[in-house]
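Please read the structure below before turning to the comments.
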Amino acid sequence: MNTYLTPAGMETSSFNKNEKLQTLENTNTENNVCQNHFPQKMFLQNGLEGYYNIEKAKKSAKIQNKPLFLRFINIRSKNCKKMNAKICKNIRVLEVLNKYYVVAVLCVSDKEKLSKNEWYHSKYDGKFIRTVGQQNADYQITKYFNNIQPFHVLTDVSDTLLVPPKGFELDVNNFITFLENGAKAFIKSEKKEVEEVLK
């Protein structure tokens, strides 16, 4: 792989021509993504590493000192499926995500039951939360006042937004710019924190 700068000035890697032309098999992403477990590699699209649990993702992001990419999805959403096909398979998108972010895919239609000691009433609407999907949906609406999927959030481990969230998007360049702006905002905030410590 060769290193190069994107139009927004972020360093990334370019795959060679043969790698770009490889056709990766399309598995049933929507079903795989909504299993409440953490395999060593999850299939967001094309082998992108990540989590299905926000707390595990935050722990990893803290250890790696990286920002978080949160993707709220619904397996019944046509827009989610369109983005999976157009954006999530794009090799440039995958490169930026792998290099700069810890990824969490939070499926609001996941029917997996939470253990009984994890059940709770939502602070937003008082509903009784018993499934992973309900928990993910509650997290989205409580934190970001939004319940539409797909919904993409770039944040640090302290829940500070790096850039405004993004919903449905089929323009690859726009989505990459969104990701790169979030990464640059995170790097800038980290430099400020170091400068304050050194004062």
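Labels used: A, B, ... for chains in the order of the structure tokens, numbers from 1 for residues in each chain, and numbers from 1 for ligands as shown.
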So that I can check the surroundings of Lys58 in chain A, please list as number ranges by chain every protein, DNA and RNA residue that reaches within 10 Å of it, counting only C-alpha atoms and ignoring chain neighbours fewer than 6 positions away. A: 51, 64-68, 102-104, 155-159
Quick one: of A:Asp125, A:Asp138, A:Asp171, A:Glu180, who's nearest to Val96 in chain A, counting only C-alpha atoms? A:Glu180
Backbone-only DSSP, alpha helix (DSSP H) members of range 25-185 of chain A, as a short mmCIF file (atom, residue, chain, number, x, y, z; two decimals) with N, CA, C and O atoms, in the first residue's frame:
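What landed in states11.cif:
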```cif
data_model
loop_
_atom_site.label_atom_id
_atom_site.label_comp_id
_atom_site.auth_asym_id
_atom_site.auth_seq_id
_atom_site.Cartn_x
_atom_site.Cartn_y
_atom_site.Cartn_z
N THR A 29 -25.10 -8.60 5.56
CA THR A 29 -24.60 -7.65 6.54
C THR A 29 -25.66 -7.28 7.57
O THR A 29 -25.39 -7.20 8.75
N GLU A 30 -26.88 -7.04 7.10
CA GLU A 30 -27.92 -6.57 8.02
C GLU A 30 -28.16 -7.57 9.14
O GLU A 30 -28.38 -7.19 10.29
N ASN A 31 -28.13 -8.86 8.84
CA ASN A 31 -28.34 -9.86 9.88
C ASN A 31 -27.10 -9.99 10.76
O ASN A 31 -27.20 -10.07 11.97
N ASN A 32 -25.91 -10.01 10.15
CA ASN A 32 -24.68 -10.16 10.92
C ASN A 32 -24.48 -9.02 11.90
O ASN A 32 -24.01 -9.21 13.01
N ILE A 54 -21.58 0.07 22.83
CA ILE A 54 -20.98 1.39 22.98
C ILE A 54 -19.92 1.42 24.08
O ILE A 54 -18.88 2.07 23.93
N GLU A 55 -20.17 0.73 25.19
CA GLU A 55 -19.21 0.77 26.29
C GLU A 55 -17.88 0.11 25.92
O GLU A 55 -16.82 0.60 26.26
N LYS A 56 -17.96 -1.03 25.21
CA LYS A 56 -16.73 -1.70 24.77
C LYS A 56 -15.99 -0.82 23.76
O LYS A 56 -14.76 -0.75 23.77
N ALA A 57 -16.74 -0.15 22.90
CA ALA A 57 -16.12 0.73 21.91
C ALA A 57 -15.41 1.89 22.62
O ALA A 57 -14.30 2.27 22.24
N LYS A 58 -16.04 2.44 23.65
CA LYS A 58 -15.43 3.55 24.38
C LYS A 58 -14.14 3.12 25.08
O LYS A 58 -13.16 3.87 25.09
N LYS A 59 -14.15 1.94 25.67
CA LYS A 59 -12.94 1.44 26.33
C LYS A 59 -11.80 1.31 25.34
O LYS A 59 -10.66 1.68 25.61
N SER A 60 -12.11 0.76 24.17
CA SER A 60 -11.10 0.60 23.13
C SER A 60 -10.59 1.95 22.64
O SER A 60 -9.40 2.14 22.44
N ALA A 61 -11.51 2.90 22.45
CA ALA A 61 -11.13 4.23 21.98
C ALA A 61 -10.23 4.94 22.99
O ALA A 61 -9.28 5.63 22.61
N LYS A 62 -10.52 4.73 24.27
CA LYS A 62 -9.69 5.35 25.31
C LYS A 62 -8.28 4.78 25.30
O LYS A 62 -7.29 5.51 25.40
N ILE A 63 -8.19 3.46 25.16
CA ILE A 63 -6.88 2.80 25.12
C ILE A 63 -6.08 3.25 23.90
O ILE A 63 -4.88 3.52 23.98
N GLN A 64 -6.76 3.34 22.75
CA GLN A 64 -6.07 3.69 21.51
C GLN A 64 -5.93 5.20 21.29
O GLN A 64 -5.26 5.64 20.36
N LYS A 78 -34.56 0.95 4.27
CA LYS A 78 -34.07 0.93 2.89
C LYS A 78 -32.85 1.85 2.76
O LYS A 78 -31.92 1.56 2.01
N ASN A 79 -32.88 2.97 3.48
CA ASN A 79 -31.75 3.90 3.41
C ASN A 79 -30.47 3.30 3.99
O ASN A 79 -29.38 3.56 3.50
N CYS A 80 -30.61 2.51 5.04
CA CYS A 80 -29.45 1.82 5.61
C CYS A 80 -28.86 0.85 4.59
O CYS A 80 -27.63 0.78 4.42
N LYS A 81 -29.72 0.13 3.90
CA LYS A 81 -29.25 -0.82 2.90
C LYS A 81 -28.58 -0.11 1.72
O LYS A 81 -27.57 -0.58 1.19
N LYS A 82 -29.13 1.04 1.34
CA LYS A 82 -28.52 1.82 0.25
C LYS A 82 -27.13 2.30 0.64
O LYS A 82 -26.20 2.26 -0.16
N MET A 83 -27.00 2.76 1.89
CA MET A 83 -25.69 3.23 2.35
C MET A 83 -24.70 2.08 2.47
O MET A 83 -23.51 2.24 2.20
N ASN A 84 -25.17 0.93 2.90
CA ASN A 84 -24.29 -0.25 2.96
C ASN A 84 -23.70 -0.54 1.59
O ASN A 84 -22.51 -0.86 1.46
N ALA A 85 -24.55 -0.46 0.58
CA ALA A 85 -24.12 -0.79 -0.78
C ALA A 85 -23.22 0.28 -1.39
O ALA A 85 -22.25 -0.03 -2.08
N LYS A 86 -23.53 1.55 -1.12
CA LYS A 86 -22.83 2.65 -1.79
C LYS A 86 -21.63 3.18 -1.00
O LYS A 86 -20.56 3.42 -1.55
N ILE A 91 -13.71 1.63 -0.61
CA ILE A 91 -12.40 1.34 -0.04
C ILE A 91 -11.80 2.56 0.64
O ILE A 91 -11.11 2.47 1.65
N ARG A 92 -12.08 3.76 0.13
CA ARG A 92 -11.56 4.98 0.74
C ARG A 92 -12.21 5.25 2.09
O ARG A 92 -11.55 5.68 3.04
N VAL A 93 -13.51 4.99 2.17
CA VAL A 93 -14.22 5.14 3.45
C VAL A 93 -13.64 4.19 4.48
O VAL A 93 -13.37 4.56 5.63
N LEU A 94 -13.43 2.95 4.07
CA LEU A 94 -12.87 1.94 4.97
C LEU A 94 -11.48 2.32 5.46
O LEU A 94 -11.14 2.12 6.62
N GLU A 95 -10.67 2.88 4.57
CA GLU A 95 -9.31 3.28 4.95
C GLU A 95 -9.33 4.35 6.04
O GLU A 95 -8.60 4.27 7.02
N VAL A 96 -10.18 5.37 5.88
CA VAL A 96 -10.26 6.45 6.86
C VAL A 96 -10.79 5.93 8.20
O VAL A 96 -10.25 6.25 9.26
N LEU A 97 -11.82 5.10 8.16
CA LEU A 97 -12.38 4.55 9.39
C LEU A 97 -11.36 3.68 10.13
O LEU A 97 -11.18 3.80 11.34
N ASN A 98 -10.69 2.80 9.40
CA ASN A 98 -9.70 1.91 10.03
C ASN A 98 -8.54 2.68 10.64
O ASN A 98 -8.02 2.30 11.69
N LYS A 99 -8.13 3.75 9.98
CA LYS A 99 -6.96 4.48 10.45
C LYS A 99 -7.25 5.41 11.62
O LYS A 99 -6.47 5.51 12.56
N TYR A 100 -8.40 6.09 11.58
CA TYR A 100 -8.64 7.19 12.52
C TYR A 100 -9.69 6.92 13.60
O TYR A 100 -9.77 7.69 14.56
N VAL A 132 -31.37 -5.25 23.24
CA VAL A 132 -30.22 -4.48 22.77
C VAL A 132 -30.68 -3.37 21.83
O VAL A 132 -30.21 -2.23 21.90
N GLY A 133 -31.61 -3.69 20.94
CA GLY A 133 -32.11 -2.69 20.00
C GLY A 133 -32.79 -1.53 20.70
O GLY A 133 -32.58 -0.36 20.33
N GLN A 134 -33.62 -1.84 21.69
CA GLN A 134 -34.27 -0.78 22.46
C GLN A 134 -33.24 0.10 23.17
O GLN A 134 -33.37 1.32 23.23
N GLN A 135 -32.21 -0.54 23.70
CA GLN A 135 -31.14 0.19 24.39
C GLN A 135 -30.41 1.12 23.41
O GLN A 135 -30.12 2.28 23.74
N ASN A 136 -30.11 0.60 22.22
CA ASN A 136 -29.43 1.42 21.21
C ASN A 136 -30.29 2.60 20.77
O ASN A 136 -29.81 3.72 20.62
N ALA A 137 -31.58 2.34 20.55
CA ALA A 137 -32.50 3.41 20.15
C ALA A 137 -32.63 4.45 21.25
O ALA A 137 -32.66 5.66 20.98
N ASP A 138 -32.70 3.99 22.49
CA ASP A 138 -32.80 4.91 23.62
C ASP A 138 -31.55 5.75 23.76
O ASP A 138 -31.61 6.96 24.03
N TYR A 139 -30.39 5.15 23.52
CA TYR A 139 -29.12 5.88 23.59
C TYR A 139 -29.10 6.97 22.51
O TYR A 139 -28.71 8.11 22.77
N GLN A 140 -29.54 6.62 21.31
CA GLN A 140 -29.54 7.58 20.21
C GLN A 140 -30.43 8.78 20.51
O GLN A 140 -30.02 9.94 20.36
N ILE A 141 -31.64 8.52 20.94
CA ILE A 141 -32.58 9.63 21.13
C ILE A 141 -32.28 10.43 22.40
O ILE A 141 -32.47 11.64 22.44
N THR A 142 -31.75 9.76 23.43
CA THR A 142 -31.42 10.46 24.67
C THR A 142 -30.19 11.34 24.50
O THR A 142 -30.16 12.47 24.97
N LYS A 143 -29.18 10.82 23.81
CA LYS A 143 -27.92 11.56 23.63
C LYS A 143 -27.99 12.59 22.51
O LYS A 143 -27.43 13.68 22.62
N TYR A 144 -28.66 12.21 21.41
CA TYR A 144 -28.57 13.04 20.21
C TYR A 144 -29.92 13.57 19.71
O TYR A 144 -29.98 14.20 18.67
N VAL A 172 -19.98 9.71 -1.72
CA VAL A 172 -18.78 9.19 -1.06
C VAL A 172 -17.86 10.30 -0.60
O VAL A 172 -17.35 10.30 0.52
N ASN A 173 -17.63 11.29 -1.45
CA ASN A 173 -16.73 12.38 -1.10
C ASN A 173 -17.24 13.18 0.09
O ASN A 173 -16.47 13.57 0.97
N ASN A 174 -18.55 13.42 0.12
CA ASN A 174 -19.13 14.14 1.26
C ASN A 174 -18.96 13.35 2.55
O ASN A 174 -18.67 13.92 3.61
N PHE A 175 -19.12 12.03 2.48
CA PHE A 175 -19.01 11.21 3.68
C PHE A 175 -17.55 11.17 4.15
O PHE A 175 -17.29 11.22 5.36
N ILE A 176 -16.61 11.07 3.23
CA ILE A 176 -15.20 11.07 3.60
C ILE A 176 -14.81 12.41 4.23
O ILE A 176 -14.07 12.45 5.22
N THR A 177 -15.31 13.50 3.68
CA THR A 177 -15.04 14.82 4.25
C THR A 177 -15.58 14.91 5.68
O THR A 177 -14.91 15.44 6.57
N PHE A 178 -16.76 14.35 5.90
CA PHE A 178 -17.35 14.29 7.24
C PHE A 178 -16.42 13.55 8.20
O PHE A 178 -16.11 14.04 9.30
N LEU A 179 -15.93 12.39 7.78
CA LEU A 179 -15.03 11.60 8.62
C LEU A 179 -13.70 12.32 8.88
O LEU A 179 -13.18 12.34 10.00
N GLU A 180 -13.15 12.92 7.85
CA GLU A 180 -11.87 13.59 7.99
C GLU A 180 -11.97 14.85 8.85
O GLU A 180 -11.07 15.13 9.65
N ASN A 181 -13.06 15.58 8.73
CA ASN A 181 -13.26 16.76 9.56
C ASN A 181 -13.36 16.37 11.04
O ASN A 181 -12.84 17.07 11.92
N GLY A 182 -14.01 15.24 11.30
CA GLY A 182 -14.09 14.75 12.68
C GLY A 182 -12.73 14.36 13.22
O GLY A 182 -12.39 14.67 14.37
N ALA A 183 -11.93 13.67 12.39
CA ALA A 183 -10.59 13.26 12.82
C ALA A 183 -9.71 14.47 13.08
O ALA A 183 -8.96 14.50 14.07
N LYS A 184 -9.80 15.48 12.22
CA LYS A 184 -8.99 16.68 12.41
C LYS A 184 -9.41 17.44 13.67
O LYS A 184 -8.57 17.97 14.40
N ALA A 185 -10.72 17.47 13.94
CA ALA A 185 -11.21 18.14 15.15
C ALA A 185 -10.71 17.42 16.40
O ALA A 185 -10.35 18.05 17.41
#
```
What is the CA of Lys111 in chain A to CA of Thr160 in chain A distance in Å? 28.9 Å
Using CA of Arg71 in chain A and CA of Val153 in chain A as the two end points, give the distance in Å to one decimal. 6.6 Å
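Across the model, the gap from CA of Ile187 in chain A to CA of Ile148 in chain A is 28.7 Å.
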Please give the complete set of residues from range 24-161 of chain A that DSSP, run on the backbone, assigns to strand (DSSP E or B), formatted as a ChimeraX atom specification. /A:51,68-73,102-107,113,120-121,128-129,131,151-155,161
